[in-house]
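Structure data (compact mmCIF, C-alpha atoms and all ligand atoms) from query-v5.txt:
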```txt
# COMPACT_ATOMS: atom_id res chain seq x y z
CA MET A 12 -19.92 2.90 34.63
CA ILE A 13 -17.96 6.08 33.73
CA PRO A 14 -19.60 9.26 35.12
CA GLU A 15 -21.06 11.59 32.45
CA GLU A 16 -18.49 14.37 32.99
CA ASP A 17 -15.48 11.97 32.74
CA ARG A 18 -16.86 10.43 29.56
CA GLY A 19 -17.04 13.94 28.16
CA GLU A 20 -13.36 14.54 28.97
CA GLU A 21 -12.36 11.22 27.38
CA SER A 22 -14.16 11.99 24.14
CA THR A 23 -12.67 15.52 24.04
CA GLU A 24 -9.17 14.02 24.38
CA LYS A 25 -9.91 11.60 21.50
CA GLU A 26 -11.28 14.44 19.36
CA GLU A 27 -8.18 16.54 20.07
CA GLU A 28 -5.93 13.61 19.12
CA GLU A 29 -7.87 13.16 15.85
CA ILE A 30 -7.52 16.88 15.04
CA GLU A 31 -3.77 16.70 15.76
CA PHE A 32 -3.47 13.68 13.41
CA ILE A 33 -5.39 15.53 10.67
CA ASN A 34 -3.01 18.52 10.99
CA ARG A 35 0.08 16.29 10.87
CA ARG A 36 -1.33 14.46 7.83
CA LEU A 37 -1.95 17.77 6.08
CA ARG A 38 1.67 18.89 6.70
CA LEU A 39 3.03 15.53 5.49
CA VAL A 40 0.95 15.60 2.31
CA GLN A 41 1.81 19.27 1.60
CA GLY A 42 5.48 18.24 1.77
CA LEU A 43 4.89 15.62 -0.94
CA GLU A 44 4.05 18.38 -3.44
CA THR A 45 7.73 19.41 -3.47
CA LEU A 46 8.59 15.85 -4.60
CA GLY A 47 6.32 16.27 -7.63
CA VAL A 48 3.40 14.22 -6.27
CA GLY A 49 0.24 15.32 -8.12
CA LYS A 50 -3.02 16.63 -6.68
CA LYS A 51 -5.06 13.42 -7.17
CA VAL A 52 -2.59 11.29 -5.20
CA ARG A 53 -2.17 13.95 -2.51
CA GLN A 54 -5.94 14.23 -2.07
CA ALA A 55 -6.24 10.44 -1.79
CA MET A 56 -3.52 10.39 0.87
CA LEU A 57 -5.31 13.13 2.81
CA ARG A 58 -8.36 10.87 3.04
CA VAL A 59 -6.49 7.84 4.49
CA PRO A 60 -5.73 7.98 8.25
CA ARG A 61 -2.24 6.37 8.35
CA HIS A 62 -2.42 6.31 12.16
CA SER A 63 -5.17 3.67 11.83
CA PHE A 64 -2.78 1.36 9.90
CA VAL A 65 0.08 1.16 12.41
CA PRO A 66 0.31 -0.67 15.75
CA GLU A 67 -0.73 1.36 18.82
CA TYR A 68 2.91 1.97 19.87
CA ALA A 69 3.72 3.61 16.51
CA ARG A 70 0.67 5.90 16.25
CA SER A 71 2.50 9.06 17.32
CA ALA A 72 5.03 8.54 14.48
CA ALA A 73 2.37 7.78 11.84
CA TYR A 74 2.89 11.08 9.98
CA ALA A 75 6.67 10.99 9.82
CA ASP A 76 7.73 10.30 6.23
CA THR A 77 9.40 7.03 7.09
CA PRO A 78 8.67 3.29 7.06
CA LEU A 79 7.39 1.98 10.41
CA ASP A 80 7.50 -1.43 12.04
CA ILE A 81 4.22 -3.39 11.78
CA GLY A 82 5.47 -6.60 13.41
CA CYS A 83 6.78 -9.92 11.98
CA GLY A 84 9.91 -8.06 10.78
CA GLN A 85 7.80 -6.14 8.20
CA THR A 86 7.09 -2.46 7.63
CA ILE A 87 4.45 -0.05 6.35
CA SER A 88 6.21 1.79 3.49
CA ALA A 89 7.19 5.47 3.81
CA PRO A 90 4.41 7.81 2.60
CA HIS A 91 6.60 9.34 -0.16
CA MET A 92 7.22 5.83 -1.54
CA VAL A 93 3.48 5.05 -1.54
CA ALA A 94 2.88 8.36 -3.32
CA ILE A 95 5.59 7.77 -5.95
CA MET A 96 4.31 4.26 -6.69
CA CYS A 97 0.71 5.51 -7.02
CA GLU A 98 1.86 8.24 -9.41
CA LEU A 99 3.77 5.76 -11.58
CA LEU A 100 0.74 3.43 -11.68
CA GLU A 101 -1.46 6.16 -13.24
CA LEU A 102 -4.46 4.96 -11.23
CA SER A 103 -7.93 6.01 -12.33
CA GLU A 104 -11.60 5.25 -11.64
CA GLY A 105 -12.72 1.64 -12.16
CA LEU A 106 -9.35 -0.12 -12.46
CA LYS A 107 -8.65 -3.64 -11.14
CA VAL A 108 -5.40 -3.67 -9.16
CA LEU A 109 -3.29 -6.51 -7.74
CA GLU A 110 -0.95 -5.66 -4.85
CA ILE A 111 1.68 -8.11 -3.62
CA GLY A 112 2.47 -7.42 0.05
CA ALA A 113 -0.65 -6.20 1.90
CA GLY A 114 1.28 -5.48 5.13
CA SER A 115 -0.90 -3.00 7.05
CA GLY A 116 -3.39 -2.42 4.20
CA TYR A 117 -2.41 1.28 3.96
CA ASN A 118 -1.12 1.29 0.38
CA ALA A 119 -4.22 -0.68 -0.68
CA ALA A 120 -6.42 1.98 0.96
CA VAL A 121 -4.67 4.84 -0.87
CA MET A 122 -5.06 2.97 -4.18
CA ALA A 123 -8.73 2.24 -3.38
CA GLU A 124 -9.30 5.99 -3.00
CA LEU A 125 -7.81 6.53 -6.47
CA ILE A 126 -9.80 3.83 -8.31
CA GLY A 127 -13.10 4.64 -6.60
CA LYS A 128 -16.04 2.40 -5.74
CA SER A 129 -16.21 0.93 -9.26
CA GLY A 130 -12.62 -0.34 -9.02
CA HIS A 131 -11.19 -3.15 -6.89
CA VAL A 132 -7.90 -3.87 -5.13
CA TYR A 133 -6.83 -7.48 -4.54
CA THR A 134 -3.96 -7.49 -2.06
CA VAL A 135 -1.97 -10.63 -1.28
CA GLU A 136 0.05 -11.25 1.90
CA ARG A 137 2.05 -14.34 2.91
CA ILE A 138 2.03 -13.76 6.71
CA GLU A 139 -1.26 -14.78 8.31
CA SER A 140 -1.13 -12.35 11.27
CA LEU A 141 -0.58 -9.45 8.83
CA VAL A 142 -3.57 -10.60 6.76
CA CYS A 143 -5.64 -10.25 9.97
CA PHE A 144 -3.99 -6.88 10.76
CA ALA A 145 -4.71 -5.50 7.26
CA LYS A 146 -8.30 -6.82 7.24
CA ASP A 147 -8.95 -5.31 10.65
CA ASN A 148 -7.48 -1.92 9.69
CA LEU A 149 -9.50 -1.83 6.45
CA ARG A 150 -12.71 -2.84 8.23
CA LYS A 151 -12.25 -0.11 10.87
CA THR A 152 -11.58 2.53 8.22
CA GLY A 153 -14.52 1.37 6.09
CA TYR A 154 -12.90 0.20 2.82
CA LYS A 155 -15.17 -2.24 0.96
CA ASN A 156 -13.50 -2.45 -2.45
CA ILE A 157 -10.37 -4.24 -1.17
CA THR A 158 -9.93 -8.01 -0.81
CA VAL A 159 -7.05 -9.26 1.36
CA LEU A 160 -5.78 -12.74 0.48
CA LEU A 161 -3.39 -15.11 2.27
CA GLU A 162 -1.15 -16.50 -0.51
CA ASP A 163 2.32 -16.52 -2.00
CA GLY A 164 1.98 -13.44 -4.19
CA SER A 165 5.21 -14.18 -6.09
CA ILE A 166 3.00 -16.33 -8.35
CA GLY A 167 0.42 -13.54 -8.59
CA TYR A 168 -3.24 -14.36 -8.10
CA SER A 169 -4.61 -15.98 -11.25
CA LYS A 170 -8.26 -16.19 -10.11
CA TYR A 171 -9.04 -12.53 -10.88
CA ALA A 172 -6.42 -11.98 -13.64
CA PRO A 173 -5.77 -10.12 -15.86
CA TYR A 174 -5.16 -6.91 -13.87
CA ASP A 175 -5.02 -3.32 -15.13
CA ARG A 176 -2.27 -2.58 -12.61
CA ILE A 177 0.12 -4.65 -10.47
CA VAL A 178 2.17 -3.23 -7.62
CA VAL A 179 4.73 -5.21 -5.67
CA THR A 180 5.65 -3.70 -2.29
CA CYS A 181 8.59 -6.04 -1.59
CA ALA A 182 11.77 -6.60 -3.60
CA ALA A 183 12.02 -9.54 -6.02
CA PRO A 184 15.24 -11.15 -7.30
CA GLU A 185 13.82 -10.79 -10.83
CA ILE A 186 10.44 -9.81 -12.26
CA PRO A 187 8.24 -12.91 -11.69
CA GLU A 188 6.95 -14.23 -15.03
CA PRO A 189 3.44 -15.03 -13.63
CA LEU A 190 3.02 -11.34 -12.78
CA VAL A 191 3.91 -10.30 -16.33
CA GLU A 192 1.40 -12.86 -17.66
CA GLN A 193 -1.35 -11.59 -15.31
CA LEU A 194 -0.93 -7.97 -16.45
CA LYS A 195 -3.53 -6.82 -19.02
CA PRO A 196 -2.35 -5.51 -22.41
CA GLY A 197 -2.11 -1.74 -21.86
CA GLY A 198 -1.39 -2.41 -18.17
CA ILE A 199 1.30 -1.05 -15.83
CA MET A 200 3.31 -2.84 -13.15
CA ILE A 201 5.70 -1.34 -10.61
CA ILE A 202 8.15 -3.61 -8.81
CA PRO A 203 11.36 -3.23 -6.79
CA VAL A 204 14.04 -5.62 -8.09
CA GLY A 205 17.30 -6.59 -6.41
CA ASP A 206 18.80 -7.90 -3.19
CA TYR A 207 20.87 -5.37 -1.17
CA PHE A 208 20.95 -2.98 -4.11
CA GLN A 209 17.40 -2.57 -5.40
CA GLU A 210 15.88 -0.61 -8.27
CA LEU A 211 12.27 0.38 -8.83
CA ILE A 212 11.23 -1.00 -12.22
CA LEU A 213 8.27 0.35 -14.18
CA VAL A 214 6.88 -2.30 -16.55
CA LYS A 215 4.47 -1.34 -19.32
CA LYS A 216 2.67 -3.92 -21.49
CA ASP A 217 1.42 -2.42 -24.74
CA LYS A 218 -1.85 -3.36 -26.47
CA LYS A 219 0.00 -6.05 -28.46
CA GLY A 220 1.50 -7.54 -25.29
CA LYS A 221 5.00 -6.14 -25.84
CA ILE A 222 6.90 -5.34 -22.60
CA LYS A 223 8.87 -2.14 -21.96
CA LYS A 224 10.89 -1.69 -18.74
CA GLU A 225 12.18 1.54 -17.21
CA ASN A 226 14.44 1.94 -14.18
CA ARG A 227 13.02 4.60 -11.83
CA GLY A 228 15.89 4.66 -9.31
CA GLY A 229 17.22 3.05 -6.15
CA VAL A 230 14.88 1.92 -3.35
CA VAL A 231 14.90 -0.16 -0.15
CA PHE A 232 12.18 -2.75 0.44
CA VAL A 233 11.83 -5.96 2.46
CA PRO A 234 12.28 -9.09 0.31
CA LEU A 235 9.61 -10.90 -1.68
CA ILE A 236 9.71 -14.42 -0.25
CA GLY A 237 8.23 -17.25 -2.28
CA GLU A 238 8.35 -19.47 -5.33
CA TYR A 239 9.40 -16.62 -7.67
CA GLY A 240 11.02 -14.62 -4.87
CA PHE A 241 13.86 -15.17 -2.43
CA LYS A 242 14.04 -18.27 -0.25
CA PRO A 243 13.32 -17.55 3.46
CA ARG A 244 16.65 -16.60 5.17
N1 LIG A 301 1.94 -2.42 1.28
C1 LIG A 301 2.20 -2.55 2.68
C2 LIG A 301 1.52 -1.50 3.51
O1 LIG A 301 0.86 -0.62 2.95
O2 LIG A 301 1.62 -1.58 4.73
C3 LIG A 301 3.67 -2.61 3.01
C4 LIG A 301 4.23 -3.88 2.62
S1 LIG A 301 5.73 -4.39 3.35
C5 LIG A 301 6.88 -3.20 2.79
C6 LIG A 301 6.00 -5.82 2.29
C7 LIG A 301 5.06 -6.97 2.57
O3 LIG A 301 5.27 -7.97 1.57
C8 LIG A 301 5.29 -7.65 3.91
O4 LIG A 301 4.11 -7.60 4.67
C9 LIG A 301 5.66 -9.09 3.54
O5 LIG A 301 5.18 -10.06 4.43
C10 LIG A 301 4.99 -9.22 2.17
N2 LIG A 301 5.50 -10.30 1.33
C11 LIG A 301 6.77 -10.74 1.14
N3 LIG A 301 6.77 -11.78 0.28
C12 LIG A 301 5.48 -12.00 -0.10
C13 LIG A 301 4.82 -12.92 -0.97
N4 LIG A 301 5.49 -13.87 -1.66
N5 LIG A 301 3.50 -12.85 -1.11
C14 LIG A 301 2.78 -11.90 -0.43
N6 LIG A 301 3.32 -11.01 0.40
C15 LIG A 301 4.66 -11.05 0.57
```

Let me see whether you can do it: turn the structure in this file into structure tokens.
Amino acid sequence: MIPEEDRGEESTEKEEEEIEFINRRLRLVQGLETLGVGKKVRQAMLRVPRHSFVPEYARSAAYADTPLDIGCGQTISAPHMVAIMCELLELSEGLKVLEIGAGSGYNAAVMAELIGKSGHVYTVERIESLVCFAKDNLRKTGYKNITVLLEDGSIGYSKYAPYDRIVVTCAAPEIPEPLVEQLKPGGIMIIPVGDYFQELILVKKDKKGKIKKENRGGVVFVPLIGEYGFKPR
């Protein structure tokens, strides 16, 4: 058994680490304002402890604005990229969102903050150990309005379709047709498209089902692997 006084020291160290993480998160999120990230998204990102979504060895780097390794050759996206995607998605209370590429569960958590308790995020991941990682991270941080699913997300997830919003966090060779079909009229999808040279494409489906695409600039993402994605290399 740990003596009383030592336990006290241990918990003080933990508390100090938490305070340091909160300060780093604040500085990171303040920096996002200069990139044009709005208040709602910044406030959501302030509420999500990114250090709880990375492996132990990467915790000290959790508030650097960079992607980080999460194992299996995959990454948690850079905070500015999460922020930009959330802005483009125009997320609001009560929306139903499909994410392809759960990874660590971090992006899903930020979106869950933006759609509130009356909304729901379905996030699909093809690597089983990452499904466990994301579920574990989301359980520890207390998110209840997120469902993590082990599937090939390149075909979407028809069971809960149509979705108000779809976000793909890996790069597709082309926009997968099933994702366009599973987007609600009036819905918005954001998806990186390309191989070595990738572009972030904003897809809007109007009330009559007509599709409009807009190129929002160059990006770098890991590939979407699957039926409507790339073949495993
Ligand atoms: N959104 C994640 C986060 O917040 O940590 C980051 C995602 S990481 C950049 C991209 C993820 O897409 C990887 O975990 C990868 O395994 C996953 N992925 C690739 N192809 C997929 C597919 N067909 N279906 C589902 N997930 C896929």

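Taking CA of Ala113 (chain A) and CA of Glu44 (chain A) as endpoints, the distance between them is 25.6 Å.
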
Please, which residues have at least one atom within 7 Å of an atom of ligand LIG 301 (chain A), using all atoms listed in the file, listed as a ChimeraX atom specification? /A:85-88,111-119,135-138,141,162-165,180-181,232-237,240

Could you turn the residues from that selection into a file that holds C-alpha atoms, as a PDB file, in the coordinates of the input?
```pdb
ATOM      1  CA  GLN A  85       7.800  -6.140   8.200  1.00  0.00           C
ATOM      2  CA  THR A  86       7.090  -2.460   7.630  1.00  0.00           C
ATOM      3  CA  ILE A  87       4.450  -0.050   6.350  1.00  0.00           C
ATOM      4  CA  SER A  88       6.210   1.790   3.490  1.00  0.00           C
ATOM      5  CA  ILE A 111       1.680  -8.110  -3.620  1.00  0.00           C
ATOM      6  CA  GLY A 112       2.470  -7.420   0.050  1.00  0.00           C
ATOM      7  CA  ALA A 113      -0.650  -6.200   1.900  1.00  0.00           C
ATOM      8  CA  GLY A 114       1.280  -5.480   5.130  1.00  0.00           C
ATOM      9  CA  SER A 115      -0.900  -3.000   7.050  1.00  0.00           C
ATOM     10  CA  GLY A 116      -3.390  -2.420   4.200  1.00  0.00           C
ATOM     11  CA  TYR A 117      -2.410   1.280   3.960  1.00  0.00           C
ATOM     12  CA  ASN A 118      -1.120   1.290   0.380  1.00  0.00           C
ATOM     13  CA  ALA A 119      -4.220  -0.680  -0.680  1.00  0.00           C
ATOM     14  CA  VAL A 135      -1.970 -10.630  -1.280  1.00  0.00           C
ATOM     15  CA  GLU A 136       0.050 -11.250   1.900  1.00  0.00           C
ATOM     16  CA  ARG A 137       2.050 -14.340   2.910  1.00  0.00           C
ATOM     17  CA  ILE A 138       2.030 -13.760   6.710  1.00  0.00           C
ATOM     18  CA  LEU A 141      -0.580  -9.450   8.830  1.00  0.00           C
ATOM     19  CA  GLU A 162      -1.150 -16.500  -0.510  1.00  0.00           C
ATOM     20  CA  ASP A 163       2.320 -16.520  -2.000  1.00  0.00           C
ATOM     21  CA  GLY A 164       1.980 -13.440  -4.190  1.00  0.00           C
ATOM     22  CA  SER A 165       5.210 -14.180  -6.090  1.00  0.00           C
ATOM     23  CA  THR A 180       5.650  -3.700  -2.290  1.00  0.00           C
ATOM     24  CA  CYS A 181       8.590  -6.040  -1.590  1.00  0.00           C
ATOM     25  CA  PHE A 232      12.180  -2.750   0.440  1.00  0.00           C
ATOM     26  CA  VAL A 233      11.830  -5.960   2.460  1.00  0.00           C
ATOM     27  CA  PRO A 234      12.280  -9.090   0.310  1.00  0.00           C
ATOM     28  CA  LEU A 235       9.610 -10.900  -1.680  1.00  0.00           C
ATOM     29  CA  ILE A 236       9.710 -14.420  -0.250  1.00  0.00           C
ATOM     30  CA  GLY A 237       8.230 -17.250  -2.280  1.00  0.00           C
ATOM     31  CA  GLY A 240      11.020 -14.620  -4.870  1.00  0.00           C
TER      32      GLY A 240
END
```

Taking (7.1, 6.3, 4.1) in the coordinates of the supplied file, I want to know which residues reach to within 9 Å of it, counting all atoms listed in the file; could you give the answer as a compact mmCIF listing (two decimals) with C-alpha atoms, in the frame of the given file?
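Dumped to point.txt:
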```txt
# COMPACT_ATOMS: atom_id res chain seq x y z
CA TYR A 74 2.89 11.08 9.98
CA ALA A 75 6.67 10.99 9.82
CA ASP A 76 7.73 10.30 6.23
CA THR A 77 9.40 7.03 7.09
CA PRO A 78 8.67 3.29 7.06
CA LEU A 79 7.39 1.98 10.41
CA ILE A 87 4.45 -0.05 6.35
CA SER A 88 6.21 1.79 3.49
CA ALA A 89 7.19 5.47 3.81
CA PRO A 90 4.41 7.81 2.60
CA HIS A 91 6.60 9.34 -0.16
CA MET A 92 7.22 5.83 -1.54
CA VAL A 93 3.48 5.05 -1.54
CA ALA A 94 2.88 8.36 -3.32
```

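By all atoms listed in the file, and with residues fewer than 4 positions from Lys170 (chain A) along its chain excluded, the set lying at most 12 Å from it is Leu109, Tyr133, Leu160, Glu162, Ile166, Tyr174 and Gln193 of chain A.
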
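The list of residues within 12 Å of (0.4, 17.6, 10.1), counted using all atoms listed in the file, is Glu28, Glu29, Ile30, Glu31, Phe32, Ile33, Asn34, Arg35, Arg36, Leu37, Arg38, Leu39, Val40, Gln41, Gly42, Leu57, Pro60, Arg61, His62, Ser71, Ala72, Ala73, Tyr74, Ala75 and Asp76 of chain A.
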
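When only C-alpha atoms are used to measure the gap to Ala182 (chain A), the shortest distance among A:His131, A:Leu211, A:Gly197, A:Val204 belongs to A:Val204.
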
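CA of Glu192 (chain A) is positioned 25.1 Å from CA of Ala120 (chain A).
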
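In terms of minimum interatomic distance to Leu149 (chain A), A:Ser63 ranks closest within A:Thr45, A:Thr23, A:Asn226, A:Ser63, counting all atoms listed in the file.
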
Near Gly205 (chain A), within 7 Å and counting all atoms listed in the file, which residues show up once chain neighbours fewer than 3 positions away are dropped, as an MDAnalysis selection string? chainID A and resid 182:184 208:210

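Picture a line from CA of Val132 (chain A) to CA of Lys242 (chain A); it runs 26.7 Å.
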
One residue among A:Glu101, A:Cys143, A:Thr158, A:Val108 is nearest to Leu213 (chain A) when using only C-alpha atoms, and that residue is A:Glu101

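Minimum atom-to-atom distances from A:Ile81, A:Ser103, A:Pro196, A:Pro243 to Ala145 (chain A) were compared using all atoms listed in the file, and the lowest value belongs to A:Ile81.
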
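For the choices A:Ile95, A:Val48, A:Ile126, A:Val178, the atom-to-atom distance to Leu190 (chain A) is smallest for A:Val178 when using all atoms listed in the file.
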
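Remark: for Asp147 (chain A), the closest of the candidate residues A:Val159, A:Cys83, A:Met96, A:Ile177 is A:Val159 (distances computed over only C-alpha atoms).
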
So that I can check the surroundings of Pro173 (chain A), please list as a JSON list (two decimals) with C-alpha atoms, in the frame of the given file every protein, DNA and RNA residue that reaches within 8 Å of it, counting all atoms listed in the file and ignoring chain neighbours fewer than 2 positions away.
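Saved result, part_20.json, follows:
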```json
[["chain", "number", "residue", "atom", "x", "y", "z"],
["A", 169, "SER", "CA", -4.61, -15.98, -11.25],
["A", 171, "TYR", "CA", -9.04, -12.53, -10.88],
["A", 175, "ASP", "CA", -5.02, -3.32, -15.13],
["A", 192, "GLU", "CA", 1.40, -12.86, -17.66],
["A", 193, "GLN", "CA", -1.35, -11.59, -15.31],
["A", 194, "LEU", "CA", -0.93, -7.97, -16.45],
["A", 195, "LYS", "CA", -3.53, -6.82, -19.02]]
```
